[in-house]
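Q: Here you go, one structure.
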Amino acid sequence: MLNIEKFELTVADYVYIFTIFILVFIGLSAIYSASYQVESSYLKANFSRQVVWFLMGTFFLVITVVLPTRVLFAVSYWLYGLSILLLILTLVLNSNVSVSRWITIGGVQFQPSEIMKISTVLALARYLSFKKRNLNNIKELSIAFGLILFPFLLISQQPDLGTAFVFLAVIFPVLYWAGLPTFYLLVIIMPFVVLIASFNYYAFSAVMIFTAAMLLFFRSGLLVFLSVMIFNIIIGIFTPFLWSHLRGYQKHRILTFLGVEIDPHGLSYQIIQSKVAIGSGGFFGKGILNGTQTQLRFLPAQHTDFVFSVIGEELGFIGSVFVLGLFLFLLLRGIYICSIVKNKFLSLLVIGAIVVLGFHTIINIGMTVGIMPVTGLPLPFMSYGGTFLITSMILVGFVIHASIRRFRY
Amino acid sequence: MLTNFGRDAKRKQFQFSAVIVLLFIIIVIRFFYLQIYKKAQYLKASENNRIREIVLEPTRGLIFDRNGKILVDNHPSYSVNIIPFEIDKTDTVITLVSKILQMEPEEIWETINKKKTGYFTPVKLKRQIDFETLSKIEENRMYLPGISYQIEPRRNYPSDIRASHLLGYLGEITREDLANNAFKGLRTGDIVGKKGLERVYDKTLRGVKGYRYVEVDALGREVKKLTDKKEVPPQPGKNLHLTIDVNLQKSLEISMENMRGGAIVVDCANGEVLAMVSKPDYDPELFSKLITQEKWAGLLNDPEKPLYDRLVQSLYPPGSTYKLVVAAAALEERKIRTWDTTFCSGSYLFGKETFQCWKQEGHGRIDLLGAIEQSCNVFFYKLGRKIGLDNWITYSKNLLFGIPTGIDLVDEKEGLVPDRKYLEKRYGKKWLPKGLIVNLSIGQGDLLVTPLQMVRLAMIIANEGKYPKLHLVRYIDDPIIKKNQWTKIDTSRVIDISHKTFSIIKRGMYRVVNGEHGTAKAAYCRNVKVAGKTGTAENPHGDSHSWFIGFAPFDKPEIAVCVLVENGGSGGKTAAPIAGKIIKYFNIEKSNYAQH
């Protein structure tokens, strides 16, 4: 029998839940608007499907909130292992297809990579919350990295580079939160900076000089200094070589981001049309169901990845800032919860969830306004898509779960 | 490490929050930039996305003859357009279209790339498709986003005259024309006049395009008509009412059948051209239907040069017809009186050269009128020497040789009067051949004229100095304001030649047709007194060109004519009968003329 815990829901928690519902409702109306004038009956049903998923998501959210913390703690590794299996299964089952992101089990079709986000956050939180965990120990640090490396590699094989990068993005803030010293953090992050800078000779040199300066500032030993420098130089030299092994569309996506608007009909067509939709919305927007870009379907993915452009066009600057405000509240309160929660596992769980949600939000909205690459990451609570909506609800469920148990150890 | 977790939690909360707030601020700034700072630009872009401008082509003006008979009107035909933007997304459209239009996909791509002016601006793929093709496109409309057809009238020629050079033809606008201000507002693929009246009056005939605006979706399908952007109706082109008389034109065309040359009949009183024919010509329908590459090349490379308007664009030596100019110079300069005679032995020895008269046995003793009547060369050799080169040049210029007539057709040549400057350049400054003037006085040598200039000379003589500008359009009628805009008759007068001189020359010309020994008896008409002058212009390329210029009736001239037959031999034998026939015909026809 479950030990019923006593919850302490404050006004802020109610506001928090209310905020999530508002976001989902705005998202639903955007999906409705985007599918309003479509002939295809399948697309027309987008709205009702999303409503069903929202109800399922709410159910999962409630479950997440009411489950005792120790249950979450207990299932985390099992769930992680299960998710890895599902990812492998996805690859195996879809080995004859070029893109394999979906799996159908018991008539339910879903994306294992989304579930992986939840279980990785859980597993990482559990691993790092261990009392005697010493992140100065290279072996223990490596295991933490391994936890994200598996999903990263498996998902990038699907291939879904955008989602794979979510896992890379999660590890650093979580490690830092868990107490990884700034010096190590910088040493770990540096290769990724080098990765990007390596295509430009000057940028590469500047990064290397910065790295050297940083190493000197932290008074590292000669051995560390040399090995870090050499490692980064090797990365800098091999990246352009590895670049040629990326898939065409992956390259294209990155290139599109770097050289925006070179071809108005490839990928950057989406960015241009998204910017046109948002820009033409102006201050007050064109009104719901009145956005010409949306209604006339100039934007291909307007109900999924580019759902924010519908909001930008139909609700204008006012509406966009309002929605951004809601997201900001969601994220900032999450971080606040992390800092006051007494239980380390919960604190790490919430920071992981917040980083995943924040990363999606910033990359997705940044993409629709043309300041981030087109990665194919959906917008939490708003983009059409069942698995991700439910995932987002569970992640935000962790925050509420922690919030109402904030004084427990 | 985790031991001090609680202690720096506040610091880390601040750091994390700061990073997120910073990123959100950047995004909000971006929204501000797009939605407020750049709003106008993006709004315009979204309007351009959604609003498609459909050009409403005006109907091209019609062309009538002087009696209101239709010479050129319009027949409907269909052309196929493609929107480049749609094609960039899918190749299947190109494949299907290439099958329907029976064009190679490469050809379609080439057309698109060549004519593309914008992603959403339609490009004309094929003009004048047949009904079967049209219905195939209509059938497959679902699979052909971005493909549309448009009614595009083509020129039709209901009368039985050809008048090819005069009417001209239409064609797709060239890049040079697009840059030209006269064609402002036109786009690639638009049809404009290329030659003849279609070219000269293109702006008048063309009308003004109208526009209709529709809302289209991302697939280019029309969603609805726009109410907020008003339709601008096209303005039809204005109609031309020509000076040409279709019956006279037909008769002249028949007379000139199978010849190489040109003939023109003008109204002496106002310079209206009643008929003008250049042969060989071509069927104007050829250009109104889609002309094939081979046919076009065939016309261009035909050694007979059917595209050439010989009345306007070709230069010939005038031969003996030019004796009239020499006679006028001599009379004005008082170098001769009508009763002065000279002896023609059949040849004329000058320096070391012998110049022949066309009549080997000679004309014997002959006076000025007789010399004109019989076209005696020797008489004019001597007369030419009497007046001298400078007078010859002066009177040539006074009678407007070397100056185009300014007729409303394109590419008119100005001819060549060899003046001192030209001759010195050609023969050197020190020594001009003395025999030069001898040749020039019978219209040979370096002198070159157009048939138009010769008919102007006939008109000047008939009017005794007055000459209205030659023109082809009587009036332009504007179907919108229902008002006729009449062509102003622009009459001038030649300088320094008296009525007396002209009347003497006219008497000579009368004898050419009516005299016992006249060279142009073939132009004689029973009911109307004709006056004229023949010419047989030698040319180095073959048989002599046959000339006749004249006017009728003698007492009160109404029309002036000029007939030129390339390599036609003697003027009296070939050109004169054609002139006679047309004058006879005019005499019957003139009762039908619309007066204004």
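The chains in the structure tokens are called A, B, ... from first to last as shown; in each chain the residues are counted from 1, and the ligands are counted from 1 in the order shown.
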Which residues of chain B have any atom within 8 Å of an atom in chain A when counting only C-alpha atoms, and what is the closest pair of atoms for each, with the distance in Å to one decimal? Order the rows by chain and rising number and write it as JSON lines.
A:
```
{"residue": "B:Met1", "atom": "CA", "partner": "A:Gly179", "partner_atom": "CA", "distance": 5.8}
{"residue": "B:Leu2", "atom": "CA", "partner": "A:Gly179", "partner_atom": "CA", "distance": 5.9}
{"residue": "B:Phe5", "atom": "CA", "partner": "A:Gly179", "partner_atom": "CA", "distance": 6.9}
{"residue": "B:Gly6", "atom": "CA", "partner": "A:Ser339", "partner_atom": "CA", "distance": 7.6}
{"residue": "B:Ala9", "atom": "CA", "partner": "A:Ser339", "partner_atom": "CA", "distance": 5.1}
{"residue": "B:Lys10", "atom": "CA", "partner": "A:Ser339", "partner_atom": "CA", "distance": 6.2}
{"residue": "B:Lys12", "atom": "CA", "partner": "A:Trp177", "partner_atom": "CA", "distance": 7.1}
{"residue": "B:Gln13", "atom": "CA", "partner": "A:Ile335", "partner_atom": "CA", "distance": 6.0}
{"residue": "B:Phe16", "atom": "CA", "partner": "A:Ile335", "partner_atom": "CA", "distance": 7.2}
{"residue": "B:Ser17", "atom": "CA", "partner": "A:Leu332", "partner_atom": "CA", "distance": 5.9}
{"residue": "B:Ile20", "atom": "CA", "partner": "A:Leu328", "partner_atom": "CA", "distance": 7.7}
{"residue": "B:Val21", "atom": "CA", "partner": "A:Leu328", "partner_atom": "CA", "distance": 7.4}
{"residue": "B:Leu23", "atom": "CA", "partner": "A:Ile362", "partner_atom": "CA", "distance": 7.4}
{"residue": "B:Phe24", "atom": "CA", "partner": "A:Leu324", "partner_atom": "CA", "distance": 7.5}
{"residue": "B:Ile27", "atom": "CA", "partner": "A:Gly366", "partner_atom": "CA", "distance": 6.5}
{"residue": "B:Val28", "atom": "CA", "partner": "A:Val321", "partner_atom": "CA", "distance": 6.8}
{"residue": "B:Arg30", "atom": "CA", "partner": "A:Val369", "partner_atom": "CA", "distance": 7.0}
{"residue": "B:Phe31", "atom": "CA", "partner": "A:Phe317", "partner_atom": "CA", "distance": 6.7}
{"residue": "B:Phe32", "atom": "CA", "partner": "A:Phe317", "partner_atom": "CA", "distance": 7.0}
{"residue": "B:Leu34", "atom": "CA", "partner": "A:Gly279", "partner_atom": "CA", "distance": 4.5}
{"residue": "B:Gln35", "atom": "CA", "partner": "A:Gly279", "partner_atom": "CA", "distance": 4.2}
{"residue": "B:Ile36", "atom": "CA", "partner": "A:Gly282", "partner_atom": "CA", "distance": 5.6}
{"residue": "B:Lys38", "atom": "CA", "partner": "A:Gly279", "partner_atom": "CA", "distance": 6.6}
{"residue": "B:Lys39", "atom": "CA", "partner": "A:Gly279", "partner_atom": "CA", "distance": 5.1}
{"residue": "B:Ala40", "atom": "CA", "partner": "A:Ser280", "partner_atom": "CA", "distance": 7.2}
{"residue": "B:Gln41", "atom": "CA", "partner": "A:Ser280", "partner_atom": "CA", "distance": 7.8}
{"residue": "B:Tyr42", "atom": "CA", "partner": "A:Ser280", "partner_atom": "CA", "distance": 4.8}
{"residue": "B:Leu43", "atom": "CA", "partner": "A:Ser280", "partner_atom": "CA", "distance": 4.0}
{"residue": "B:Lys44", "atom": "CA", "partner": "A:Ser280", "partner_atom": "CA", "distance": 7.7}
{"residue": "B:Ala45", "atom": "CA", "partner": "A:Val276", "partner_atom": "CA", "distance": 6.4}
{"residue": "B:Ser46", "atom": "CA", "partner": "A:Val276", "partner_atom": "CA", "distance": 6.0}
{"residue": "B:Asn49", "atom": "CA", "partner": "A:Phe298", "partner_atom": "CA", "distance": 7.8}
{"residue": "B:Arg50", "atom": "CA", "partner": "A:Thr292", "partner_atom": "CA", "distance": 7.0}
{"residue": "B:Asp88", "atom": "CA", "partner": "A:His265", "partner_atom": "CA", "distance": 7.2}
{"residue": "B:Lys89", "atom": "CA", "partner": "A:His265", "partner_atom": "CA", "distance": 7.3}
{"residue": "B:Val216", "atom": "CA", "partner": "A:Leu296", "partner_atom": "CA", "distance": 7.2}
{"residue": "B:Asp217", "atom": "CA", "partner": "A:Leu296", "partner_atom": "CA", "distance": 4.3}
{"residue": "B:Ala218", "atom": "CA", "partner": "A:Phe298", "partner_atom": "CA", "distance": 4.7}
```
Q: What's the 7 Å shell around Ile100 of chain B, counting only C-alpha atoms, without same-chain residues fewer than 2 positions away, as a PyMOL selection string?
A: chain B and resi 96-98+102+133+136
Q: Have a look at atom CA of Gly568 of chain B and atom CA of Ala329 of chain B and let me know their distance in Å, one decimal.
A: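 Going from atom CA of Gly568 of chain B over to atom CA of Ala329 of chain B covers 28.8 Å.
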Q: Which value, in Å to one decimal, gives the distance between atom CA of Ile363 of chain A and atom CA of Leu377 of chain A?
A: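 Computing the Euclidean distance for atom CA of Ile363 of chain A and atom CA of Leu377 of chain A yields 7.2 Å.
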Q: At a cut-off of 6 Å, using only C-alpha atoms, what residues contact Lys194 of chain B? Leave out same-chain residues fewer than 2 positions from it and give the result as a list in words.
A: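 Contacts, in chain order: Tyr169, Leu170 and Arg199 of chain B.
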Q: Next, write the just-selected residues to a file, as a PDB file, in the first residue's frame, keeping C-alpha atoms as the atom set.
A:
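Full text of part-v6.pdb as output:
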```pdb
ATOM      1  CA  TYR B 169       3.916  42.347 -87.705  1.00  0.00           C
ATOM      2  CA  LEU B 170       4.040  41.617 -83.977  1.00  0.00           C
ATOM      3  CA  ARG B 199       5.769  49.206 -84.812  1.00  0.00           C
TER       4      ARG B 199
END
```
Q: Using only C-alpha atoms, which residue out of A:Leu149, A:Val51, A:Val24, A:Met367 lies closest to Ile84 of chain A?
A: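 The shortest atom-to-atom distance to Ile84 of chain A comes from A:Leu149.
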Q: Kindly give the distance, in Å, that separates atom CA of Asn343 of chain A and atom CA of Val19 of chain B, rounded to a single decimal.
A: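 Those two atoms sit 24.2 Å apart.
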Q: List the neighbours of segment 104-112 of chain A out to 8 Å using only C-alpha atoms; skip same-chain residues closer than 3 positions along the sequence, and give me the result as a list in words.
A: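 In the requested format, the answer is Ser83, Leu86, Leu87, Thr90, Arg101, Ile115, Met116, Gly386 and Thr387 of chain A.
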Q: Which is closer to Val223 of chain B than all the others in B:His471, B:Lys500, B:Arg456, B:Arg52, using only C-alpha atoms?
A: B:Arg52
Q: Write down as a list in words the residues of segment 109-173 of chain B whose backbone DSSP state falls under strand (DSSP E).
A: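 Those residues are Val123, Lys124, Leu125, Lys126, Arg127, Gln128, Ile129, Ile147, Ser148, Tyr149, Gln150, Ile151, Arg154, Arg155, Asn156, Leu170, Gly171 and Glu172 of chain B.
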Q: Restricted to N, CA and C atoms, what would the selected residues look like written as a CSV table (one decimal), in the first residue's frame?
A:
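Once written, part-v4.csv looks like this:
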```csv
chain,number,residue,atom,x,y,z
B,123,VAL,N,5.5,33.2,-66.2
B,123,VAL,CA,6.4,33.2,-67.4
B,123,VAL,C,5.6,32.5,-68.5
B,124,LYS,N,5.6,33.1,-69.7
B,124,LYS,CA,4.8,32.6,-70.8
B,124,LYS,C,5.6,31.4,-71.3
B,125,LEU,N,5.0,30.2,-71.3
B,125,LEU,CA,5.7,29.0,-71.8
B,125,LEU,C,5.5,28.8,-73.3
B,126,LYS,N,4.2,28.9,-73.7
B,126,LYS,CA,3.9,28.6,-75.1
B,126,LYS,C,2.7,29.5,-75.5
B,127,ARG,N,2.8,30.0,-76.7
B,127,ARG,CA,1.7,30.9,-77.2
B,127,ARG,C,0.9,30.1,-78.2
B,128,GLN,N,-0.3,30.5,-78.3
B,128,GLN,CA,-1.2,30.0,-79.3
B,128,GLN,C,-1.3,28.5,-79.3
B,129,ILE,N,-1.7,28.0,-78.2
B,129,ILE,CA,-1.9,26.5,-78.1
B,129,ILE,C,-3.2,26.2,-78.8
B,147,ILE,N,0.4,26.4,-63.1
B,147,ILE,CA,0.2,26.5,-64.6
B,147,ILE,C,-1.1,27.2,-64.8
B,148,SER,N,-1.1,28.1,-65.7
B,148,SER,CA,-2.4,28.8,-66.0
B,148,SER,C,-2.4,29.1,-67.5
B,149,TYR,N,-3.5,29.4,-68.1
B,149,TYR,CA,-3.5,29.9,-69.4
B,149,TYR,C,-4.3,31.2,-69.5
B,150,GLN,N,-4.0,31.9,-70.6
B,150,GLN,CA,-4.6,33.2,-70.6
B,150,GLN,C,-5.0,33.4,-72.1
B,151,ILE,N,-6.1,34.2,-72.2
B,151,ILE,CA,-6.5,34.5,-73.6
B,151,ILE,C,-5.6,35.6,-74.1
B,154,ARG,N,-4.6,37.1,-81.2
B,154,ARG,CA,-3.6,37.2,-82.2
B,154,ARG,C,-4.1,38.0,-83.4
B,155,ARG,N,-3.2,38.5,-84.2
B,155,ARG,CA,-3.7,39.3,-85.3
B,155,ARG,C,-4.3,38.5,-86.4
B,156,ASN,N,-5.3,39.1,-87.0
B,156,ASN,CA,-6.0,38.4,-88.1
B,156,ASN,C,-6.2,39.4,-89.2
B,170,LEU,N,3.8,41.6,-85.4
B,170,LEU,CA,4.0,41.6,-84.0
B,170,LEU,C,5.0,40.5,-83.6
B,171,GLY,N,5.6,40.7,-82.4
B,171,GLY,CA,6.5,39.6,-81.9
B,171,GLY,C,6.7,39.9,-80.4
B,172,GLU,N,7.4,39.0,-79.8
B,172,GLU,CA,7.7,39.1,-78.4
B,172,GLU,C,8.7,40.3,-78.2
```
Q: Considering only C-alpha atoms, can you say which of B:Tyr316, B:Phe183, B:Phe85, B:Tyr422 comes closest to Asn113 of chain B?
A: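 So, comparing all the options, the nearest one is B:Phe85.
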Q: Would you list the contacts of Ala169 of chain A as a list in words, taking every protein, DNA or RNA residue within 12 Å and counting only C-alpha atoms, but skipping same-chain residues closer than 5 positions in sequence?
A: Lys117, Val121, Phe145, Ile148, Leu149, Phe152, Gly162, Thr163, Ala164, Val174, Leu175, Tyr176, Ile189, Phe192, Gly352, Ala353, Ile354, Val355, Val356, Leu357, Gly358, Phe359, His360 and Ile363 of chain A
Q: With C-alpha atoms retained, write the just-selected residues as a PDB file, in the first residue's frame.
A:
```pdb
ATOM      1  CA  LYS A 117      14.486  12.608 -22.152  1.00  0.00           C
ATOM      2  CA  VAL A 121      16.855  13.272 -16.428  1.00  0.00           C
ATOM      3  CA  PHE A 145      28.717  11.469 -19.220  1.00  0.00           C
ATOM      4  CA  ILE A 148      23.867  10.961 -21.775  1.00  0.00           C
ATOM      5  CA  LEU A 149      26.268   9.594 -24.333  1.00  0.00           C
ATOM      6  CA  PHE A 152      23.000  10.820 -27.798  1.00  0.00           C
ATOM      7  CA  GLY A 162      18.368  18.112 -33.007  1.00  0.00           C
ATOM      8  CA  THR A 163      16.965  15.822 -30.327  1.00  0.00           C
ATOM      9  CA  ALA A 164      20.366  14.219 -29.782  1.00  0.00           C
ATOM     10  CA  VAL A 174      23.071  19.599 -14.454  1.00  0.00           C
ATOM     11  CA  LEU A 175      26.702  18.790 -13.652  1.00  0.00           C
ATOM     12  CA  TYR A 176      27.329  22.394 -12.736  1.00  0.00           C
ATOM     13  CA  ILE A 189      32.874  22.627 -22.783  1.00  0.00           C
ATOM     14  CA  PHE A 192      32.531  21.890 -28.280  1.00  0.00           C
ATOM     15  CA  GLY A 352      17.257  18.492 -15.550  1.00  0.00           C
ATOM     16  CA  ALA A 353      13.603  18.934 -16.472  1.00  0.00           C
ATOM     17  CA  ILE A 354      13.938  22.726 -16.608  1.00  0.00           C
ATOM     18  CA  VAL A 355      17.032  22.529 -18.804  1.00  0.00           C
ATOM     19  CA  VAL A 356      15.273  20.196 -21.249  1.00  0.00           C
ATOM     20  CA  LEU A 357      12.200  22.437 -21.406  1.00  0.00           C
ATOM     21  CA  GLY A 358      14.244  25.637 -21.565  1.00  0.00           C
ATOM     22  CA  PHE A 359      16.496  24.292 -24.291  1.00  0.00           C
ATOM     23  CA  HIS A 360      13.501  23.323 -26.411  1.00  0.00           C
ATOM     24  CA  ILE A 363      15.930  26.840 -29.647  1.00  0.00           C
TER      25      ILE A 363
END
```
Q: List the spatial neighbours of Glu257 of chain B as a list in words - criterion: any atom at most 10 Å away, only C-alpha atoms, same-chain residues fewer than 2 positions off excluded.
A: Ser251, Leu252, Glu253, Ile254, Ser255, Met259, Arg260, Gly261, Val277, Ser278, Lys279, Pro280 and Asp281 of chain B
Q: Please write the residues from the selection above to a file, keeping N, CA and C atoms, as a PDB file, in the first residue's frame.
A:
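Contents of result_15.pdb, as written:
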```
ATOM      1  N   SER B 251      -5.449  46.127-106.407  1.00  0.00           N
ATOM      2  CA  SER B 251      -5.152  46.239-107.835  1.00  0.00           C
ATOM      3  C   SER B 251      -3.654  46.407-108.070  1.00  0.00           C
ATOM      4  N   LEU B 252      -3.031  47.218-107.215  1.00  0.00           N
ATOM      5  CA  LEU B 252      -1.594  47.444-107.369  1.00  0.00           C
ATOM      6  C   LEU B 252      -0.812  46.173-107.058  1.00  0.00           C
ATOM      7  N   GLU B 253      -1.285  45.451-106.027  1.00  0.00           N
ATOM      8  CA  GLU B 253      -0.604  44.198-105.672  1.00  0.00           C
ATOM      9  C   GLU B 253      -0.680  43.204-106.817  1.00  0.00           C
ATOM     10  N   ILE B 254      -1.837  43.169-107.491  1.00  0.00           N
ATOM     11  CA  ILE B 254      -1.987  42.248-108.631  1.00  0.00           C
ATOM     12  C   ILE B 254      -1.046  42.670-109.756  1.00  0.00           C
ATOM     13  N   SER B 255      -0.985  44.003-109.998  1.00  0.00           N
ATOM     14  CA  SER B 255      -0.119  44.488-111.070  1.00  0.00           C
ATOM     15  C   SER B 255       1.337  44.177-110.821  1.00  0.00           C
ATOM     16  N   MET B 259       6.882  40.363-109.512  1.00  0.00           N
ATOM     17  CA  MET B 259       7.952  41.302-109.832  1.00  0.00           C
ATOM     18  C   MET B 259       8.774  41.524-108.586  1.00  0.00           C
ATOM     19  N   ARG B 260       9.903  42.160-108.792  1.00  0.00           N
ATOM     20  CA  ARG B 260      10.707  42.598-107.688  1.00  0.00           C
ATOM     21  C   ARG B 260      10.744  44.108-107.761  1.00  0.00           C
ATOM     22  N   GLY B 261      10.264  44.792-106.755  1.00  0.00           N
ATOM     23  CA  GLY B 261      10.273  46.242-106.824  1.00  0.00           C
ATOM     24  C   GLY B 261       9.202  46.822-105.945  1.00  0.00           C
ATOM     25  N   VAL B 277       3.050  49.122-102.456  1.00  0.00           N
ATOM     26  CA  VAL B 277       3.340  47.692-102.573  1.00  0.00           C
ATOM     27  C   VAL B 277       4.842  47.503-102.724  1.00  0.00           C
ATOM     28  N   SER B 278       5.373  46.577-101.965  1.00  0.00           N
ATOM     29  CA  SER B 278       6.759  46.175-102.176  1.00  0.00           C
ATOM     30  C   SER B 278       6.731  44.687-102.445  1.00  0.00           C
ATOM     31  N   LYS B 279       7.404  44.272-103.492  1.00  0.00           N
ATOM     32  CA  LYS B 279       7.401  42.861-103.855  1.00  0.00           C
ATOM     33  C   LYS B 279       8.835  42.368-103.992  1.00  0.00           C
ATOM     34  N   PRO B 280       9.154  41.136-103.681  1.00  0.00           N
ATOM     35  CA  PRO B 280       8.234  40.139-103.123  1.00  0.00           C
ATOM     36  C   PRO B 280       7.893  40.451-101.671  1.00  0.00           C
ATOM     37  N   ASP B 281       6.724  39.966-101.256  1.00  0.00           N
ATOM     38  CA  ASP B 281       6.322  40.205 -99.873  1.00  0.00           C
ATOM     39  C   ASP B 281       6.081  38.869 -99.201  1.00  0.00           C
TER      40      ASP B 281
END
```
Q: Need to verify the contact set: Met393 of chain A, 7 Å, only C-alpha atoms, exclusion of same-chain residues closer than 3 positions in sequence. Can you return it as a list in words?
A: Gly57, Thr58, Leu61, Leu389, Ile390, Val396 and Gly397 of chain A
Q: Ranking B:Tyr348, B:Leu564, B:Ile173, B:Lys506 by minimum distance to Ser314 of chain B and counting only C-alpha atoms, which one comes first?
A: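 Once distances to Ser314 of chain B are computed over only C-alpha atoms, the minimum belongs to B:Leu564.
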Q: Write out as a ChimeraX atom specification all residues of segment 363-464 of chain B that DSSP puts in alpha helix (DSSP H) for this structure's backbone.
A: /B:368-374,377-398,420-427,436-440,451-462
Q: Selected residues, C-alpha atoms, written as a PDB file, in the first residue's frame, please.
A:
```pdb
ATOM      1  CA  LEU B 368      14.048  70.573-124.097  1.00  0.00           C
ATOM      2  CA  LEU B 369      10.471  69.256-124.248  1.00  0.00           C
ATOM      3  CA  GLY B 370      11.399  66.840-126.977  1.00  0.00           C
ATOM      4  CA  ALA B 371      14.390  65.681-124.985  1.00  0.00           C
ATOM      5  CA  ILE B 372      12.140  64.984-121.987  1.00  0.00           C
ATOM      6  CA  GLU B 373       9.545  63.281-124.204  1.00  0.00           C
ATOM      7  CA  GLN B 374      12.108  61.022-125.818  1.00  0.00           C
ATOM      8  CA  ASN B 377      20.635  61.350-123.092  1.00  0.00           C
ATOM      9  CA  VAL B 378      22.890  63.499-125.258  1.00  0.00           C
ATOM     10  CA  PHE B 379      20.721  66.548-124.724  1.00  0.00           C
ATOM     11  CA  PHE B 380      20.989  66.123-120.965  1.00  0.00           C
ATOM     12  CA  TYR B 381      24.717  65.344-121.065  1.00  0.00           C
ATOM     13  CA  LYS B 382      25.194  68.750-122.602  1.00  0.00           C
ATOM     14  CA  LEU B 383      22.681  70.429-120.326  1.00  0.00           C
ATOM     15  CA  GLY B 384      24.347  68.917-117.299  1.00  0.00           C
ATOM     16  CA  ARG B 385      27.702  70.326-118.359  1.00  0.00           C
ATOM     17  CA  LYS B 386      26.040  73.704-118.840  1.00  0.00           C
ATOM     18  CA  ILE B 387      24.641  73.881-115.326  1.00  0.00           C
ATOM     19  CA  GLY B 388      27.715  72.407-113.697  1.00  0.00           C
ATOM     20  CA  LEU B 389      28.216  70.146-110.701  1.00  0.00           C
ATOM     21  CA  ASP B 390      27.439  72.745-108.033  1.00  0.00           C
ATOM     22  CA  ASN B 391      24.084  73.676-109.515  1.00  0.00           C
ATOM     23  CA  TRP B 392      23.290  69.996-109.884  1.00  0.00           C
ATOM     24  CA  ILE B 393      23.993  69.469-106.207  1.00  0.00           C
ATOM     25  CA  THR B 394      22.039  72.539-105.131  1.00  0.00           C
ATOM     26  CA  TYR B 395      18.909  71.644-107.087  1.00  0.00           C
ATOM     27  CA  SER B 396      19.099  68.014-106.067  1.00  0.00           C
ATOM     28  CA  LYS B 397      19.012  69.183-102.500  1.00  0.00           C
ATOM     29  CA  ASN B 398      16.334  71.783-103.193  1.00  0.00           C
ATOM     30  CA  ARG B 420      31.518  68.114-103.006  1.00  0.00           C
ATOM     31  CA  LYS B 421      32.452  66.727 -99.641  1.00  0.00           C
ATOM     32  CA  TYR B 422      31.412  63.230-100.598  1.00  0.00           C
ATOM     33  CA  LEU B 423      33.044  63.373-104.023  1.00  0.00           C
ATOM     34  CA  GLU B 424      36.334  64.692-102.682  1.00  0.00           C
ATOM     35  CA  LYS B 425      36.394  61.888-100.186  1.00  0.00           C
ATOM     36  CA  ARG B 426      35.647  59.375-102.866  1.00  0.00           C
ATOM     37  CA  TYR B 427      37.842  60.635-105.773  1.00  0.00           C
ATOM     38  CA  LEU B 436      31.046  62.941-113.336  1.00  0.00           C
ATOM     39  CA  ILE B 437      28.426  65.560-114.100  1.00  0.00           C
ATOM     40  CA  VAL B 438      27.675  63.921-117.443  1.00  0.00           C
ATOM     41  CA  ASN B 439      26.622  60.717-115.699  1.00  0.00           C
ATOM     42  CA  LEU B 440      24.867  62.464-112.834  1.00  0.00           C
ATOM     43  CA  PRO B 451      11.106  55.170-104.547  1.00  0.00           C
ATOM     44  CA  LEU B 452       9.470  57.282-101.844  1.00  0.00           C
ATOM     45  CA  GLN B 453      11.694  60.223-102.742  1.00  0.00           C
ATOM     46  CA  MET B 454      10.772  59.752-106.394  1.00  0.00           C
ATOM     47  CA  VAL B 455       7.052  59.828-105.707  1.00  0.00           C
ATOM     48  CA  ARG B 456       7.663  62.956-103.689  1.00  0.00           C
ATOM     49  CA  LEU B 457       9.395  64.485-106.718  1.00  0.00           C
ATOM     50  CA  ALA B 458       6.373  63.615-108.852  1.00  0.00           C
ATOM     51  CA  MET B 459       4.142  65.226-106.251  1.00  0.00           C
ATOM     52  CA  ILE B 460       6.300  68.355-106.041  1.00  0.00           C
ATOM     53  CA  ILE B 461       6.140  68.771-109.802  1.00  0.00           C
ATOM     54  CA  ALA B 462       2.398  68.082-109.940  1.00  0.00           C
TER      55      ALA B 462
END
```
